[in-house]
Amino acid sequence: MSIAIVTGASSGMGKDFAEALAGQGRFDEIWVIARRVNRLEALKEQFGDLIRPVALDLTDKNCLLSYKAMLQNEQPDVAVLVNCSGFGRFGTFEDIDTEDALDMIDLNSKALVAMTEYTLPYMKEGGEIYQLCSLSSFQPVPYLNAYAASKAFVLSYSRGLNAELKSRKIKVMAVCPGWVRT
């Protein structure tokens with residue numbers, strides 16, 4: 001069974017990726033992952049049984065381990081992984097609560113690594129990984145400090161992983177859009 005997996009699929013670019021992949025007709029199933037199950041169910045209503053809603057909070061380590069167990073139980077052939085989960089906060093370091101900054105790092109960077117590395121054993125030659133990054137990843141960005149730093153990590157991680165996976169013929173792309181209203 002060839003599947004695609006999209007995180008952050010309840011809104012924004014994650015939802016757009018899920019809809020685009022659903023329209024390709026090349027997957028047996030698309031696992032859409034986010035916290036808001038009602039929005040994931042709306043995707044299922046739109047595309048039918050192709051969509052499999054998976055409600056997970058990727059900042060929760062237990063949810064990440066549930067995802068890992070789900071992969072182990074189902075042994076899917078993952079053709080595409082799209083990591084879109086993430087968020088940003090604008091303001092000075094004094095304006096942004098430290099817990100919010102740490103949550104950005106947890107979701108934008110740590111959860112992305114976990115989702116990628118838990119999924120890789122189920123990907124074969126020709127697999128594709130899309131990591132949602134940002135133009136902010138290319139330089140320090142005042143007033144968007146923790147977000148830009150977390151996306152700089154994603155860019156470096158993705159570039160390095162792409163080189164490591166060449167022998168397996170799996171491609172990793174850091175998608176670096178500019179400002180997007182999501």
# chains A, B, ... in the order shown; residues from 1 in each chain; ligands from 1

$ residues_around --residues "region 134-151 of chain A" --least-positions-apart "4" --cutoff "6 Å" --atoms "only C-alpha atoms" --output "PyMOL selection string"
chain A and resi 88+90-92+101+105+109+176-178

$ write_last_selection --atoms "all heavy atoms" --output "short mmCIF file (atom, residue, chain, number, x, y, z; two decimals), in the first residue's frame"
data_model
loop_
_atom_site.label_atom_id
_atom_site.label_comp_id
_atom_site.auth_asym_id
_atom_site.auth_seq_id
_atom_site.Cartn_x
_atom_site.Cartn_y
_atom_site.Cartn_z
N GLY A 88 4.93 30.21 14.25
CA GLY A 88 5.88 31.28 14.56
C GLY A 88 5.21 32.36 15.39
O GLY A 88 3.99 32.53 15.33
N PHE A 90 5.77 36.60 16.38
CA PHE A 90 6.49 37.84 16.13
C PHE A 90 6.65 38.60 17.44
O PHE A 90 5.75 38.61 18.27
CB PHE A 90 5.70 38.74 15.17
CG PHE A 90 5.65 38.20 13.77
CD1 PHE A 90 4.61 37.41 13.35
CD2 PHE A 90 6.65 38.53 12.87
CE1 PHE A 90 4.55 36.92 12.07
CE2 PHE A 90 6.61 38.05 11.57
CZ PHE A 90 5.55 37.25 11.17
N GLY A 91 7.79 39.26 17.60
CA GLY A 91 8.03 40.10 18.77
C GLY A 91 9.46 39.98 19.24
O GLY A 91 10.23 39.15 18.75
N THR A 92 9.81 40.82 20.20
CA THR A 92 11.14 40.74 20.80
C THR A 92 11.18 39.52 21.72
O THR A 92 10.14 38.96 22.09
CB THR A 92 11.47 41.98 21.64
OG1 THR A 92 10.61 42.00 22.78
CG2 THR A 92 11.31 43.26 20.83
N ALA A 101 8.48 30.12 22.84
CA ALA A 101 9.71 29.96 22.05
C ALA A 101 10.16 28.50 22.07
O ALA A 101 10.54 27.94 21.03
CB ALA A 101 10.81 30.87 22.58
N ILE A 105 10.42 25.60 18.93
CA ILE A 105 11.57 24.73 18.66
C ILE A 105 11.14 23.27 18.69
O ILE A 105 11.52 22.48 17.82
CB ILE A 105 12.71 25.02 19.66
CG1 ILE A 105 13.25 26.43 19.44
CG2 ILE A 105 13.81 23.97 19.55
CD1 ILE A 105 14.10 26.97 20.57
N SER A 109 11.25 21.99 14.89
CA SER A 109 12.51 21.25 14.69
C SER A 109 12.47 19.83 15.24
O SER A 109 12.65 18.87 14.50
CB SER A 109 13.67 22.02 15.35
OG SER A 109 13.80 23.31 14.80
N CYS A 176 11.16 26.49 1.08
CA CYS A 176 11.44 27.75 1.77
C CYS A 176 10.63 28.90 1.21
O CYS A 176 11.15 29.78 0.49
CB CYS A 176 12.93 28.06 1.67
SG CYS A 176 13.99 26.82 2.42
N PRO A 177 9.32 28.96 1.51
CA PRO A 177 8.51 30.07 1.01
C PRO A 177 8.79 31.36 1.78
O PRO A 177 9.33 31.34 2.88
CB PRO A 177 7.08 29.59 1.26
CG PRO A 177 7.20 28.70 2.46
CD PRO A 177 8.54 28.03 2.31
N GLY A 178 8.40 32.46 1.16
CA GLY A 178 8.42 33.75 1.85
C GLY A 178 7.18 33.86 2.73
O GLY A 178 6.58 32.86 3.11
#

$ residues_around --residues "Asp28 (chain A)" --least-positions-apart "2" --cutoff "8 Å" --atoms "only C-alpha atoms" --output "list in words"
Met1, Ser2, Ile3, Arg26, Ile30 and Leu50 of chain A

$ closest_residue --among "A:Asp103, A:Gly86, A:Leu71, A:Thr98" --to "Tyr118 (chain A)" --atoms "only C-alpha atoms"
A:Leu71

$ closest_atom_pairs --of "region 91-157 of chain A" --to "region 76-83 of chain A" --cutoff "12 Å" --atoms "only C-alpha atoms" --output "CSV"
residue,atom,partner,partner_atom,distance
A:Leu107,CA,A:Asn83,CA,10.3
A:Asn108,CA,A:Asn83,CA,9.1
A:Ser109,CA,A:Asn83,CA,10.2
A:Lys110,CA,A:Asn83,CA,11.5
A:Ala111,CA,A:Asn83,CA,9.1
A:Leu112,CA,A:Asn83,CA,6.3
A:Val113,CA,A:Asn83,CA,9.4
A:Ala114,CA,A:Asn83,CA,10.5
A:Met115,CA,A:Asn83,CA,7.7
A:Thr116,CA,A:Leu81,CA,7.6
A:Glu117,CA,A:Leu81,CA,10.8
A:Tyr118,CA,A:Leu81,CA,11.0
A:Thr119,CA,A:Val78,CA,7.5
A:Leu120,CA,A:Val78,CA,8.3
A:Pro121,CA,A:Val78,CA,9.1
A:Tyr122,CA,A:Asp77,CA,5.6
A:Met123,CA,A:Val78,CA,5.0
A:Lys124,CA,A:Ala79,CA,7.2
A:Glu125,CA,A:Ala79,CA,8.7
A:Gly126,CA,A:Ala79,CA,7.3
A:Gly127,CA,A:Ala79,CA,4.7
A:Glu128,CA,A:Val80,CA,4.8
A:Ile129,CA,A:Leu81,CA,4.8
A:Tyr130,CA,A:Val82,CA,4.7
A:Gln131,CA,A:Asn83,CA,5.0
A:Leu132,CA,A:Asn83,CA,5.9
A:Cys133,CA,A:Asn83,CA,9.2
A:Val154,CA,A:Asn83,CA,10.3

$ closest_residue --among "A:Ile96, A:Leu56, A:Leu155, A:Ile51" --to "Val37 (chain A)" --atoms "only C-alpha atoms"
A:Leu56

$ closest_residue --among "A:Met70, A:Ala4, A:Asp100, A:Gly48" --to "Val32 (chain A)" --atoms "only C-alpha atoms"
A:Ala4

$ residues_around --residues "Gly8 (chain A)" --least-positions-apart "4" --cutoff "10 Å" --atoms "only C-alpha atoms" --output "VMD selection string"
chain A and resid 12 to 18 32 to 36 40 56 to 58 82 to 87

$ write_last_selection --atoms "N, CA, C and O atoms" --output "PDB file, in the first residue's frame"
ATOM      1  N   GLY A  12      -3.652  25.775   6.455  1.00  0.00           N
ATOM      2  CA  GLY A  12      -2.485  26.360   5.805  1.00  0.00           C
ATOM      3  C   GLY A  12      -1.859  25.479   4.742  1.00  0.00           C
ATOM      4  O   GLY A  12      -2.544  24.785   3.990  1.00  0.00           O
ATOM      5  N   MET A  13      -0.543  25.525   4.686  1.00  0.00           N
ATOM      6  CA  MET A  13       0.184  24.797   3.653  1.00  0.00           C
ATOM      7  C   MET A  13       0.053  23.281   3.803  1.00  0.00           C
ATOM      8  O   MET A  13       0.070  22.562   2.814  1.00  0.00           O
ATOM      9  N   GLY A  14      -0.087  22.794   5.021  1.00  0.00           N
ATOM     10  CA  GLY A  14      -0.287  21.366   5.218  1.00  0.00           C
ATOM     11  C   GLY A  14      -1.568  20.895   4.561  1.00  0.00           C
ATOM     12  O   GLY A  14      -1.597  19.864   3.876  1.00  0.00           O
ATOM     13  N   LYS A  15      -2.641  21.653   4.750  1.00  0.00           N
ATOM     14  CA  LYS A  15      -3.908  21.313   4.101  1.00  0.00           C
ATOM     15  C   LYS A  15      -3.760  21.398   2.585  1.00  0.00           C
ATOM     16  O   LYS A  15      -4.252  20.529   1.858  1.00  0.00           O
ATOM     17  N   ASP A  16      -3.071  22.427   2.104  1.00  0.00           N
ATOM     18  CA  ASP A  16      -2.855  22.578   0.657  1.00  0.00           C
ATOM     19  C   ASP A  16      -2.077  21.388   0.086  1.00  0.00           C
ATOM     20  O   ASP A  16      -2.411  20.880  -0.986  1.00  0.00           O
ATOM     21  N   PHE A  17      -1.034  20.961   0.795  1.00  0.00           N
ATOM     22  CA  PHE A  17      -0.274  19.789   0.349  1.00  0.00           C
ATOM     23  C   PHE A  17      -1.168  18.551   0.317  1.00  0.00           C
ATOM     24  O   PHE A  17      -1.126  17.768  -0.635  1.00  0.00           O
ATOM     25  N   ALA A  18      -1.968  18.347   1.362  1.00  0.00           N
ATOM     26  CA  ALA A  18      -2.845  17.168   1.423  1.00  0.00           C
ATOM     27  C   ALA A  18      -3.819  17.175   0.245  1.00  0.00           C
ATOM     28  O   ALA A  18      -4.027  16.139  -0.403  1.00  0.00           O
ATOM     29  N   VAL A  32      -3.370  12.155   7.181  1.00  0.00           N
ATOM     30  CA  VAL A  32      -3.321  13.579   7.492  1.00  0.00           C
ATOM     31  C   VAL A  32      -3.246  13.710   9.008  1.00  0.00           C
ATOM     32  O   VAL A  32      -4.070  13.164   9.732  1.00  0.00           O
ATOM     33  N   ILE A  33      -2.221  14.425   9.459  1.00  0.00           N
ATOM     34  CA  ILE A  33      -1.923  14.497  10.890  1.00  0.00           C
ATOM     35  C   ILE A  33      -1.996  15.940  11.369  1.00  0.00           C
ATOM     36  O   ILE A  33      -1.425  16.844  10.748  1.00  0.00           O
ATOM     37  N   ALA A  34      -2.710  16.136  12.462  1.00  0.00           N
ATOM     38  CA  ALA A  34      -2.808  17.438  13.133  1.00  0.00           C
ATOM     39  C   ALA A  34      -3.549  17.221  14.451  1.00  0.00           C
ATOM     40  O   ALA A  34      -4.030  16.115  14.728  1.00  0.00           O
ATOM     41  N   ARG A  35      -3.652  18.288  15.228  1.00  0.00           N
ATOM     42  CA  ARG A  35      -4.366  18.195  16.505  1.00  0.00           C
ATOM     43  C   ARG A  35      -5.879  18.277  16.329  1.00  0.00           C
ATOM     44  O   ARG A  35      -6.625  17.656  17.054  1.00  0.00           O
ATOM     45  N   ARG A  36      -6.327  19.087  15.368  1.00  0.00           N
ATOM     46  CA  ARG A  36      -7.761  19.383  15.221  1.00  0.00           C
ATOM     47  C   ARG A  36      -8.443  18.332  14.335  1.00  0.00           C
ATOM     48  O   ARG A  36      -8.486  18.461  13.121  1.00  0.00           O
ATOM     49  N   LEU A  40      -9.503  17.567  10.072  1.00  0.00           N
ATOM     50  CA  LEU A  40      -9.027  16.397   9.341  1.00  0.00           C
ATOM     51  C   LEU A  40     -10.209  15.607   8.792  1.00  0.00           C
ATOM     52  O   LEU A  40     -10.160  15.095   7.670  1.00  0.00           O
ATOM     53  N   LEU A  56      -2.973  13.886  16.268  1.00  0.00           N
ATOM     54  CA  LEU A  56      -1.793  13.831  17.135  1.00  0.00           C
ATOM     55  C   LEU A  56      -1.297  15.241  17.422  1.00  0.00           C
ATOM     56  O   LEU A  56      -1.307  16.096  16.533  1.00  0.00           O
ATOM     57  N   ASP A  57      -0.841  15.454  18.633  1.00  0.00           N
ATOM     58  CA  ASP A  57      -0.151  16.690  19.000  1.00  0.00           C
ATOM     59  C   ASP A  57       1.340  16.382  18.949  1.00  0.00           C
ATOM     60  O   ASP A  57       1.866  15.686  19.823  1.00  0.00           O
ATOM     61  N   LEU A  58       2.011  16.870  17.930  1.00  0.00           N
ATOM     62  CA  LEU A  58       3.416  16.504  17.715  1.00  0.00           C
ATOM     63  C   LEU A  58       4.383  17.142  18.701  1.00  0.00           C
ATOM     64  O   LEU A  58       5.570  16.836  18.675  1.00  0.00           O
ATOM     65  N   VAL A  82       5.398  14.778   4.083  1.00  0.00           N
ATOM     66  CA  VAL A  82       5.399  16.237   4.049  1.00  0.00           C
ATOM     67  C   VAL A  82       5.265  16.722   5.486  1.00  0.00           C
ATOM     68  O   VAL A  82       4.230  16.520   6.115  1.00  0.00           O
ATOM     69  N   ASN A  83       6.305  17.355   6.003  1.00  0.00           N
ATOM     70  CA  ASN A  83       6.293  17.893   7.361  1.00  0.00           C
ATOM     71  C   ASN A  83       5.948  19.375   7.312  1.00  0.00           C
ATOM     72  O   ASN A  83       6.804  20.217   7.044  1.00  0.00           O
ATOM     73  N   CYS A  84       4.678  19.685   7.579  1.00  0.00           N
ATOM     74  CA  CYS A  84       4.210  21.075   7.559  1.00  0.00           C
ATOM     75  C   CYS A  84       3.863  21.613   8.944  1.00  0.00           C
ATOM     76  O   CYS A  84       3.566  22.802   9.066  1.00  0.00           O
ATOM     77  N   SER A  85       3.847  20.776   9.954  1.00  0.00           N
ATOM     78  CA  SER A  85       3.503  21.269  11.289  1.00  0.00           C
ATOM     79  C   SER A  85       4.503  22.322  11.733  1.00  0.00           C
ATOM     80  O   SER A  85       5.703  22.142  11.566  1.00  0.00           O
ATOM     81  N   GLY A  86       3.997  23.392  12.292  1.00  0.00           N
ATOM     82  CA  GLY A  86       4.881  24.433  12.800  1.00  0.00           C
ATOM     83  C   GLY A  86       4.116  25.710  13.068  1.00  0.00           C
ATOM     84  O   GLY A  86       2.964  25.864  12.665  1.00  0.00           O
ATOM     85  N   PHE A  87       4.784  26.630  13.765  1.00  0.00           N
ATOM     86  CA  PHE A  87       4.189  27.946  14.001  1.00  0.00           C
ATOM     87  C   PHE A  87       5.292  28.943  14.320  1.00  0.00           C
ATOM     88  O   PHE A  87       6.429  28.565  14.603  1.00  0.00           O
TER      89      PHE A  87
END

$ atom_distance --atom1 "CA of Phe47 (chain A)" --atom2 "CA of Met173 (chain A)"
26.1 Å

$ atom_distance --atom1 "CA of Ser66 (chain A)" --atom2 "CA of Glu29 (chain A)"
18.7 Å

$ select_by_dssp --residues "region 14-154 of chain A" --states "strand (DSSP E)" --output "ChimeraX atom specification"
/A:29-34,51-55,77-83,123-132

$ atom_distance --atom1 "CA of Arg39 (chain A)" --atom2 "CA of Arg52 (chain A)"
12.0 Å

$ decode --residues "region 119-133 of chain A" --atoms "all heavy atoms" --output "PDB file, in the first residue's frame"
ATOM      1  N   THR A 119       9.753   7.693  10.127  1.00  0.00           N
ATOM      2  CA  THR A 119       9.162   7.315   8.842  1.00  0.00           C
ATOM      3  C   THR A 119      10.175   6.674   7.898  1.00  0.00           C
ATOM      4  O   THR A 119       9.816   5.798   7.102  1.00  0.00           O
ATOM      5  CB  THR A 119       8.525   8.550   8.175  1.00  0.00           C
ATOM      6  OG1 THR A 119       7.578   9.133   9.080  1.00  0.00           O
ATOM      7  CG2 THR A 119       7.814   8.191   6.881  1.00  0.00           C
ATOM      8  N   LEU A 120      11.425   7.086   7.954  1.00  0.00           N
ATOM      9  CA  LEU A 120      12.428   6.624   6.984  1.00  0.00           C
ATOM     10  C   LEU A 120      12.540   5.107   6.822  1.00  0.00           C
ATOM     11  O   LEU A 120      12.708   4.640   5.693  1.00  0.00           O
ATOM     12  CB  LEU A 120      13.798   7.224   7.308  1.00  0.00           C
ATOM     13  CG  LEU A 120      14.022   8.593   6.687  1.00  0.00           C
ATOM     14  CD1 LEU A 120      15.258   9.260   7.268  1.00  0.00           C
ATOM     15  CD2 LEU A 120      14.119   8.479   5.176  1.00  0.00           C
ATOM     16  N   PRO A 121      12.420   4.304   7.862  1.00  0.00           N
ATOM     17  CA  PRO A 121      12.502   2.847   7.647  1.00  0.00           C
ATOM     18  C   PRO A 121      11.395   2.300   6.736  1.00  0.00           C
ATOM     19  O   PRO A 121      11.513   1.190   6.223  1.00  0.00           O
ATOM     20  CB  PRO A 121      12.380   2.268   9.064  1.00  0.00           C
ATOM     21  CG  PRO A 121      12.823   3.357   9.964  1.00  0.00           C
ATOM     22  CD  PRO A 121      12.394   4.635   9.289  1.00  0.00           C
ATOM     23  N   TYR A 122      10.347   3.075   6.521  1.00  0.00           N
ATOM     24  CA  TYR A 122       9.211   2.630   5.714  1.00  0.00           C
ATOM     25  C   TYR A 122       9.204   3.273   4.322  1.00  0.00           C
ATOM     26  O   TYR A 122       8.231   3.151   3.595  1.00  0.00           O
ATOM     27  CB  TYR A 122       7.901   2.932   6.463  1.00  0.00           C
ATOM     28  CG  TYR A 122       7.939   2.300   7.835  1.00  0.00           C
ATOM     29  CD1 TYR A 122       8.371   3.022   8.945  1.00  0.00           C
ATOM     30  CD2 TYR A 122       7.624   0.962   8.004  1.00  0.00           C
ATOM     31  CE1 TYR A 122       8.462   2.430  10.195  1.00  0.00           C
ATOM     32  CE2 TYR A 122       7.709   0.355   9.249  1.00  0.00           C
ATOM     33  CZ  TYR A 122       8.135   1.099  10.341  1.00  0.00           C
ATOM     34  OH  TYR A 122       8.233   0.502  11.569  1.00  0.00           O
ATOM     35  N   MET A 123      10.312   3.906   3.973  1.00  0.00           N
ATOM     36  CA  MET A 123      10.426   4.540   2.662  1.00  0.00           C
ATOM     37  C   MET A 123      11.390   3.741   1.796  1.00  0.00           C
ATOM     38  O   MET A 123      12.415   3.261   2.271  1.00  0.00           O
ATOM     39  CB  MET A 123      10.907   5.983   2.788  1.00  0.00           C
ATOM     40  CG  MET A 123       9.933   6.870   3.529  1.00  0.00           C
ATOM     41  SD  MET A 123      10.395   8.619   3.500  1.00  0.00           S
ATOM     42  CE  MET A 123       9.609   9.090   1.955  1.00  0.00           C
ATOM     43  N   LYS A 124      11.036   3.638   0.514  1.00  0.00           N
ATOM     44  CA  LYS A 124      11.856   2.905  -0.443  1.00  0.00           C
ATOM     45  C   LYS A 124      12.458   3.864  -1.458  1.00  0.00           C
ATOM     46  O   LYS A 124      12.178   5.057  -1.444  1.00  0.00           O
ATOM     47  CB  LYS A 124      10.987   1.866  -1.172  1.00  0.00           C
ATOM     48  CG  LYS A 124      10.415   0.812  -0.252  1.00  0.00           C
ATOM     49  CD  LYS A 124       9.513  -0.139  -1.002  1.00  0.00           C
ATOM     50  CE  LYS A 124       8.923  -1.151  -0.030  1.00  0.00           C
ATOM     51  NZ  LYS A 124       7.830  -1.887  -0.603  1.00  0.00           N
ATOM     52  N   GLU A 125      13.231   3.303  -2.353  1.00  0.00           N
ATOM     53  CA  GLU A 125      13.812   4.065  -3.454  1.00  0.00           C
ATOM     54  C   GLU A 125      12.718   4.876  -4.153  1.00  0.00           C
ATOM     55  O   GLU A 125      11.625   4.377  -4.390  1.00  0.00           O
ATOM     56  CB  GLU A 125      14.452   3.099  -4.449  1.00  0.00           C
ATOM     57  CG  GLU A 125      15.159   3.773  -5.584  1.00  0.00           C
ATOM     58  CD  GLU A 125      15.861   2.777  -6.484  1.00  0.00           C
ATOM     59  OE1 GLU A 125      16.674   1.975  -5.962  1.00  0.00           O
ATOM     60  OE2 GLU A 125      15.599   2.797  -7.704  1.00  0.00           O
ATOM     61  N   GLY A 126      13.015   6.124  -4.438  1.00  0.00           N
ATOM     62  CA  GLY A 126      12.048   7.011  -5.071  1.00  0.00           C
ATOM     63  C   GLY A 126      11.215   7.806  -4.076  1.00  0.00           C
ATOM     64  O   GLY A 126      10.411   8.649  -4.471  1.00  0.00           O
ATOM     65  N   GLY A 127      11.395   7.544  -2.780  1.00  0.00           N
ATOM     66  CA  GLY A 127      10.655   8.277  -1.759  1.00  0.00           C
ATOM     67  C   GLY A 127      11.006   9.764  -1.768  1.00  0.00           C
ATOM     68  O   GLY A 127      12.093  10.163  -2.178  1.00  0.00           O
ATOM     69  N   GLU A 128      10.055  10.558  -1.315  1.00  0.00           N
ATOM     70  CA  GLU A 128      10.228  12.010  -1.282  1.00  0.00           C
ATOM     71  C   GLU A 128       9.850  12.542   0.089  1.00  0.00           C
ATOM     72  O   GLU A 128       8.819  12.168   0.637  1.00  0.00           O
ATOM     73  CB  GLU A 128       9.326  12.671  -2.332  1.00  0.00           C
ATOM     74  CG  GLU A 128       9.577  12.195  -3.742  1.00  0.00           C
ATOM     75  CD  GLU A 128       8.479  12.637  -4.711  1.00  0.00           C
ATOM     76  OE1 GLU A 128       7.478  13.256  -4.277  1.00  0.00           O
ATOM     77  OE2 GLU A 128       8.624  12.348  -5.905  1.00  0.00           O
ATOM     78  N   ILE A 129      10.698  13.436   0.605  1.00  0.00           N
ATOM     79  CA  ILE A 129      10.420  14.102   1.879  1.00  0.00           C
ATOM     80  C   ILE A 129      10.455  15.597   1.630  1.00  0.00           C
ATOM     81  O   ILE A 129      11.436  16.126   1.093  1.00  0.00           O
ATOM     82  CB  ILE A 129      11.460  13.724   2.959  1.00  0.00           C
ATOM     83  CG1 ILE A 129      11.456  12.212   3.194  1.00  0.00           C
ATOM     84  CG2 ILE A 129      11.181  14.489   4.249  1.00  0.00           C
ATOM     85  CD1 ILE A 129      12.571  11.732   4.109  1.00  0.00           C
ATOM     86  N   TYR A 130       9.378  16.275   2.016  1.00  0.00           N
ATOM     87  CA  TYR A 130       9.282  17.727   1.904  1.00  0.00           C
ATOM     88  C   TYR A 130       9.200  18.301   3.315  1.00  0.00           C
ATOM     89  O   TYR A 130       8.282  17.981   4.062  1.00  0.00           O
ATOM     90  CB  TYR A 130       8.040  18.131   1.102  1.00  0.00           C
ATOM     91  CG  TYR A 130       8.065  17.599  -0.306  1.00  0.00           C
ATOM     92  CD1 TYR A 130       7.519  16.349  -0.602  1.00  0.00           C
ATOM     93  CD2 TYR A 130       8.655  18.321  -1.335  1.00  0.00           C
ATOM     94  CE1 TYR A 130       7.560  15.837  -1.889  1.00  0.00           C
ATOM     95  CE2 TYR A 130       8.700  17.825  -2.629  1.00  0.00           C
ATOM     96  CZ  TYR A 130       8.148  16.578  -2.895  1.00  0.00           C
ATOM     97  OH  TYR A 130       8.194  16.072  -4.173  1.00  0.00           O
ATOM     98  N   GLN A 131      10.199  19.121   3.662  1.00  0.00           N
ATOM     99  CA  GLN A 131      10.256  19.735   4.986  1.00  0.00           C
ATOM    100  C   GLN A 131       9.891  21.210   4.830  1.00  0.00           C
ATOM    101  O   GLN A 131      10.605  21.954   4.140  1.00  0.00           O
ATOM    102  CB  GLN A 131      11.676  19.631   5.571  1.00  0.00           C
ATOM    103  CG  GLN A 131      12.311  18.255   5.477  1.00  0.00           C
ATOM    104  CD  GLN A 131      11.821  17.274   6.506  1.00  0.00           C
ATOM    105  OE1 GLN A 131      10.640  17.249   6.843  1.00  0.00           O
ATOM    106  NE2 GLN A 131      12.707  16.433   6.996  1.00  0.00           N
ATOM    107  N   LEU A 132       8.801  21.633   5.456  1.00  0.00           N
ATOM    108  CA  LEU A 132       8.426  23.037   5.338  1.00  0.00           C
ATOM    109  C   LEU A 132       9.398  23.881   6.142  1.00  0.00           C
ATOM    110  O   LEU A 132       9.518  23.743   7.346  1.00  0.00           O
ATOM    111  CB  LEU A 132       6.999  23.278   5.793  1.00  0.00           C
ATOM    112  CG  LEU A 132       6.497  24.626   5.304  1.00  0.00           C
ATOM    113  CD1 LEU A 132       6.404  24.635   3.777  1.00  0.00           C
ATOM    114  CD2 LEU A 132       5.169  24.959   5.902  1.00  0.00           C
ATOM    115  N   CYS A 133      10.089  24.714   5.422  1.00  0.00           N
ATOM    116  CA  CYS A 133      11.107  25.577   5.992  1.00  0.00           C
ATOM    117  C   CYS A 133      10.629  27.022   5.831  1.00  0.00           C
ATOM    118  O   CYS A 133       9.434  27.277   5.925  1.00  0.00           O
ATOM    119  CB  CYS A 133      12.427  25.295   5.267  1.00  0.00           C
ATOM    120  SG  CYS A 133      13.882  25.700   6.227  1.00  0.00           S
TER     121      CYS A 133
END
